[in-house]
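Step one of this worksheet: look at the structure below.
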Amino acid sequence: MYLIFFFFFQELHAHLSGSISDETILKLLGTKDASLSEDIIEEMKSILKMKDKRSLEECFKIFSLLHTLTNSISNIKTCTYDVIKEFSEDNVWYLELRSTPKNVIGSYTKEDYIKAVLETVKLLMIISIKAVLKTKCNSLYIHREAEKSFGIIVRILISIDRSRGVEDAWDTLKIVKELRNNVVYKKYIRGIDVSGNPSKESLLEYLPILREVREMELKLAVHLLELCESVAFEEAAEIFSEGLVDRIGHGTFLNQKLSGETSNLVNVVLERKIPLEICITSNIKCGTVKDLASHHVNWWKNKDHPIAICTDDKGVFSTTLSDEICLYCKAVDGDIQDVMDMISTSIEASFLDENEKQDLKQRIFNYMKNVV
Ligand code: 5GP
């Protein structure tokens, strides 16, 4: 399986705050930011030591601590830059990074937050554009070549946190709509993610929001069935019946029975081939899946269903995409061909345009022909 190190991957499910590495946390703590209290710094340091198993609930506590780190525009930019760089170093050629815009009174608004993330992606592109500017070609070509020369293409999903309430979600959508009037921002913002603590609000409350996302012609990825509760099945049923979702985050209990009844949701997902974003380490560390042997990835793989192997929160769960791909191989007893197939289906499942997908596929398979 050492060949894994010669592969190039796509990451379709990475939350910005959860992806912040220990190195970046230590760097930011070291800057002695006046707004970080000693208590927060101590708590943050103890998080760094807690690399073992935590419940889903405990993970959400960690996220709110991590949010205190992104308390300034400059810290948001540092975290975004470092996360993209680390994915690139882990052989990720295409990254869909998602994040929930926040506002910090007296420091920044939600709009500032999104712009800080987008401007960092743009800055990386400008660095790369300088490398290809000498070529005499049109600007679109330059942009494409620049993405290739930096080695990573980044697109952004704006997250709606279900625990923040519907008003907050409408506010976020309004900002996204306005920002997409800017042609560069429109290129980067590909879709909306719905995440946040699944034991809080029901997604049924969010249906009008999801319909609006569709109207805006944005792609939609929704965290579904992370918990085995009847409300989770109800909300998924409603979302599927309206055909609202393009990709499913986790879907951990989708193929399971609720109180002895078999759900027919799984058949809808199989028939429509709605891709699943699978995050093995995250599921095991949160305790929603017991161990690798019982992970649902095997079930979906056996059904030949489109899946994308992802990290979820590489910082919080101390993982990398390469590690996740190795775990995938172990879980399904897979070989190089299985990895190639998974890479191919996850490009198809990405929120890139058709021609961008073809470009990426060709680039990856041309490269791999020479290696494998
Ligand atoms: P952020 O949006 O702040 O960049 O990334 C952290 C946020 O992502 C968390 O506060 C949470 O809303 C969401 N998140 C990260 N991992 C998970 C997960 O496994 N399940 C769900 N439902 N949400 C998650």
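How things are named: the first chain in the structure tokens is A, the next is B, and so on; residues count from 1 in each chain; ligands count from 1 in the order shown.
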- Message: 7 Å from ligand 1 is the threshold here; counting only C-alpha atoms and all ligand atoms, which polymer residues fall inside it? Answer as a PyMOL selection string.
- Response: chain A and resi 15-18+60+63-64+67+98-100+159+161+195-198+223+282+312-313
Can you write just those residues out, N, CA and C atoms, as a short mmCIF file (atom, residue, chain, number, x, y, z; two decimals), in the first residue's frame?
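Once written, part-v6.cif looks like this:
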```
data_model
loop_
_atom_site.label_atom_id
_atom_site.label_comp_id
_atom_site.auth_asym_id
_atom_site.auth_seq_id
_atom_site.Cartn_x
_atom_site.Cartn_y
_atom_site.Cartn_z
N HIS A 15 -14.01 20.56 7.17
CA HIS A 15 -14.46 21.78 7.85
C HIS A 15 -13.22 22.59 8.23
N LEU A 16 -13.24 23.86 7.90
CA LEU A 16 -12.06 24.69 8.14
C LEU A 16 -11.59 24.63 9.60
N SER A 17 -12.45 24.97 10.55
CA SER A 17 -11.98 25.04 11.95
C SER A 17 -11.48 23.69 12.44
N GLY A 18 -12.20 22.62 12.06
CA GLY A 18 -11.80 21.29 12.51
C GLY A 18 -10.52 20.80 11.83
N PHE A 60 -18.16 18.85 19.60
CA PHE A 60 -18.77 20.16 19.36
C PHE A 60 -18.28 21.20 20.37
N PHE A 63 -15.05 22.39 18.92
CA PHE A 63 -15.24 23.34 17.82
C PHE A 63 -15.44 24.75 18.36
N SER A 64 -16.23 24.87 19.43
CA SER A 64 -16.47 26.24 19.90
C SER A 64 -15.17 26.83 20.46
N HIS A 67 -13.21 27.99 17.55
CA HIS A 67 -13.74 29.23 16.98
C HIS A 67 -13.14 30.46 17.66
N ARG A 98 -15.06 23.75 3.62
CA ARG A 98 -16.34 24.34 4.05
C ARG A 98 -16.14 25.06 5.38
N SER A 99 -16.90 26.12 5.57
CA SER A 99 -16.81 26.81 6.85
C SER A 99 -18.06 27.62 7.14
N THR A 100 -18.36 27.76 8.42
CA THR A 100 -19.53 28.53 8.87
C THR A 100 -19.12 29.97 9.11
N SER A 159 -21.01 26.95 5.08
CA SER A 159 -21.78 26.08 5.97
C SER A 159 -22.89 26.82 6.68
N ASP A 161 -24.95 26.25 10.03
CA ASP A 161 -24.90 25.48 11.28
C ASP A 161 -26.32 25.35 11.83
N SER A 195 -24.44 21.61 8.40
CA SER A 195 -23.75 20.80 9.41
C SER A 195 -24.18 21.26 10.80
N GLY A 196 -23.34 21.08 11.78
CA GLY A 196 -23.67 21.47 13.15
C GLY A 196 -24.25 20.31 13.93
N ASN A 197 -24.35 20.52 15.22
CA ASN A 197 -24.77 19.46 16.14
C ASN A 197 -26.14 18.85 15.75
N PRO A 198 -26.16 17.58 15.33
CA PRO A 198 -27.41 16.99 14.82
C PRO A 198 -28.46 16.77 15.91
N HIS A 223 -25.28 17.08 6.03
CA HIS A 223 -24.97 16.03 7.01
C HIS A 223 -26.28 15.34 7.37
N SER A 282 -13.19 10.04 11.83
CA SER A 282 -14.13 10.91 12.53
C SER A 282 -15.26 10.07 13.14
N ASP A 312 -13.04 15.11 7.18
CA ASP A 312 -13.97 15.78 8.07
C ASP A 312 -13.26 16.90 8.86
N ASP A 313 -12.47 16.52 9.85
CA ASP A 313 -11.78 17.50 10.72
C ASP A 313 -10.39 16.97 11.01
#
```
- Query: Which residues come within 9 Å of Asp112 of chain A, counting only C-alpha atoms, excluding same-chain residues fewer than 6 positions away, as a VMD selection string?
  - Reply: chain A and resid 73 101 to 103
- Taking only C-alpha atoms into account, which of A:Asn255, A:Ser344, A:Thr311, A:Asn355 comes nearest Asn283 of chain A?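 Of A:Asn255, A:Ser344, A:Thr311, A:Asn355, the one nearest Asn283 of chain A is A:Thr311, counting only C-alpha atoms.
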- Enumerate as a list in words all residues of segment 161-298 of chain A assigned to strand (DSSP E) by DSSP on the backbone, naming them with the chain letters and numbers the document uses.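 Output for segment 161-298 of chain A, strand (DSSP E) only: Asp161, Ile189, Arg190, Gly191, Ile192, Asp193, Val194, Ser195, Lys219, Leu220, Ala221, Val222, His223, Leu224, Arg247, Ile248, Gly249, His250, Lys257, Leu258, Glu261, Thr262, Leu276, Glu277 and Ile278 of chain A.
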- Find the residues near Phe351 of chain A: any atom within 10 Å, counting only C-alpha atoms, skip ones fewer than 4 places away on the same chain, and give them as JSON, numbers by chain. {"A": [12, 96, 155, 156, 157, 189, 190, 191, 218, 219, 220, 221, 246, 247, 346, 347, 356, 357]}
Store the residues picked out above, limited to N, CA and C atoms, as a tab-separated table (two decimals), in the first residue's frame.
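Produced file out_36.tsv, reproduced below:
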```
chain	number	residue	atom	x	y	z
A	12	LEU	N	-13.39	16.23	-0.33
A	12	LEU	CA	-14.69	16.88	-0.54
A	12	LEU	C	-15.40	17.26	0.75
A	96	GLU	N	-12.41	20.83	-1.51
A	96	GLU	CA	-13.62	21.60	-1.22
A	96	GLU	C	-13.62	21.85	0.28
A	155	ARG	N	-12.12	25.05	-3.81
A	155	ARG	CA	-13.46	25.62	-3.91
A	155	ARG	C	-14.06	25.65	-2.51
A	156	ILE	N	-14.99	26.57	-2.31
A	156	ILE	CA	-15.52	26.80	-0.97
A	156	ILE	C	-17.01	26.44	-0.88
A	157	LEU	N	-17.38	25.77	0.21
A	157	LEU	CA	-18.78	25.58	0.54
A	157	LEU	C	-19.05	26.42	1.78
A	189	ILE	N	-17.17	30.03	-4.65
A	189	ILE	CA	-18.26	29.49	-3.81
A	189	ILE	C	-19.12	28.54	-4.65
A	190	ARG	N	-18.98	27.24	-4.39
A	190	ARG	CA	-19.68	26.27	-5.21
A	190	ARG	C	-20.97	25.75	-4.58
A	191	GLY	N	-21.07	25.88	-3.28
A	191	GLY	CA	-22.26	25.28	-2.69
A	191	GLY	C	-22.43	25.61	-1.23
A	218	LEU	N	-26.97	26.73	-6.44
A	218	LEU	CA	-25.77	26.29	-5.71
A	218	LEU	C	-25.92	24.80	-5.43
A	219	LYS	N	-24.79	24.12	-5.29
A	219	LYS	CA	-24.84	22.70	-4.92
A	219	LYS	C	-25.11	22.60	-3.42
A	220	LEU	N	-25.59	21.42	-3.02
A	220	LEU	CA	-25.97	21.27	-1.61
A	220	LEU	C	-25.46	19.93	-1.05
A	221	ALA	N	-24.67	20.05	0.02
A	221	ALA	CA	-24.22	18.85	0.76
A	221	ALA	C	-24.82	18.94	2.16
A	246	ASP	N	-27.33	17.11	-3.08
A	246	ASP	CA	-26.39	16.59	-4.09
A	246	ASP	C	-25.42	15.57	-3.52
A	247	ARG	N	-25.07	15.77	-2.24
A	247	ARG	CA	-24.18	14.80	-1.58
A	247	ARG	C	-24.59	14.68	-0.12
A	346	SER	N	-15.14	10.11	-6.90
A	346	SER	CA	-15.22	11.32	-6.09
A	346	SER	C	-14.98	12.58	-6.94
A	347	ILE	N	-14.28	12.45	-8.06
A	347	ILE	CA	-14.20	13.62	-8.96
A	347	ILE	C	-15.59	13.89	-9.54
A	356	GLU	N	-14.25	21.19	-15.92
A	356	GLU	CA	-13.21	21.19	-14.88
A	356	GLU	C	-12.97	19.77	-14.37
A	357	LYS	N	-14.05	19.00	-14.28
A	357	LYS	CA	-13.91	17.60	-13.82
A	357	LYS	C	-13.05	16.81	-14.82
```
- Task: Grab the atom CA of Ile364 of chain A to atom CA of His250 of chain A distance for me, in Å with one decimal place.
- Result: 25.7 Å
- What is the atom CA of Cys326 of chain A-atom CA of Leu254 of chain A distance in Å, reported with one decimal?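 If I compute the distance from atom CA of Cys326 of chain A to atom CA of Leu254 of chain A, I get 23.7 Å.
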- In segment 243-307 of chain A, DSSP helix (DSSP H, G or I) residues written as a VMD selection string: chain A and resid 265 to 272 280 to 286 292 to 294 297 to 302
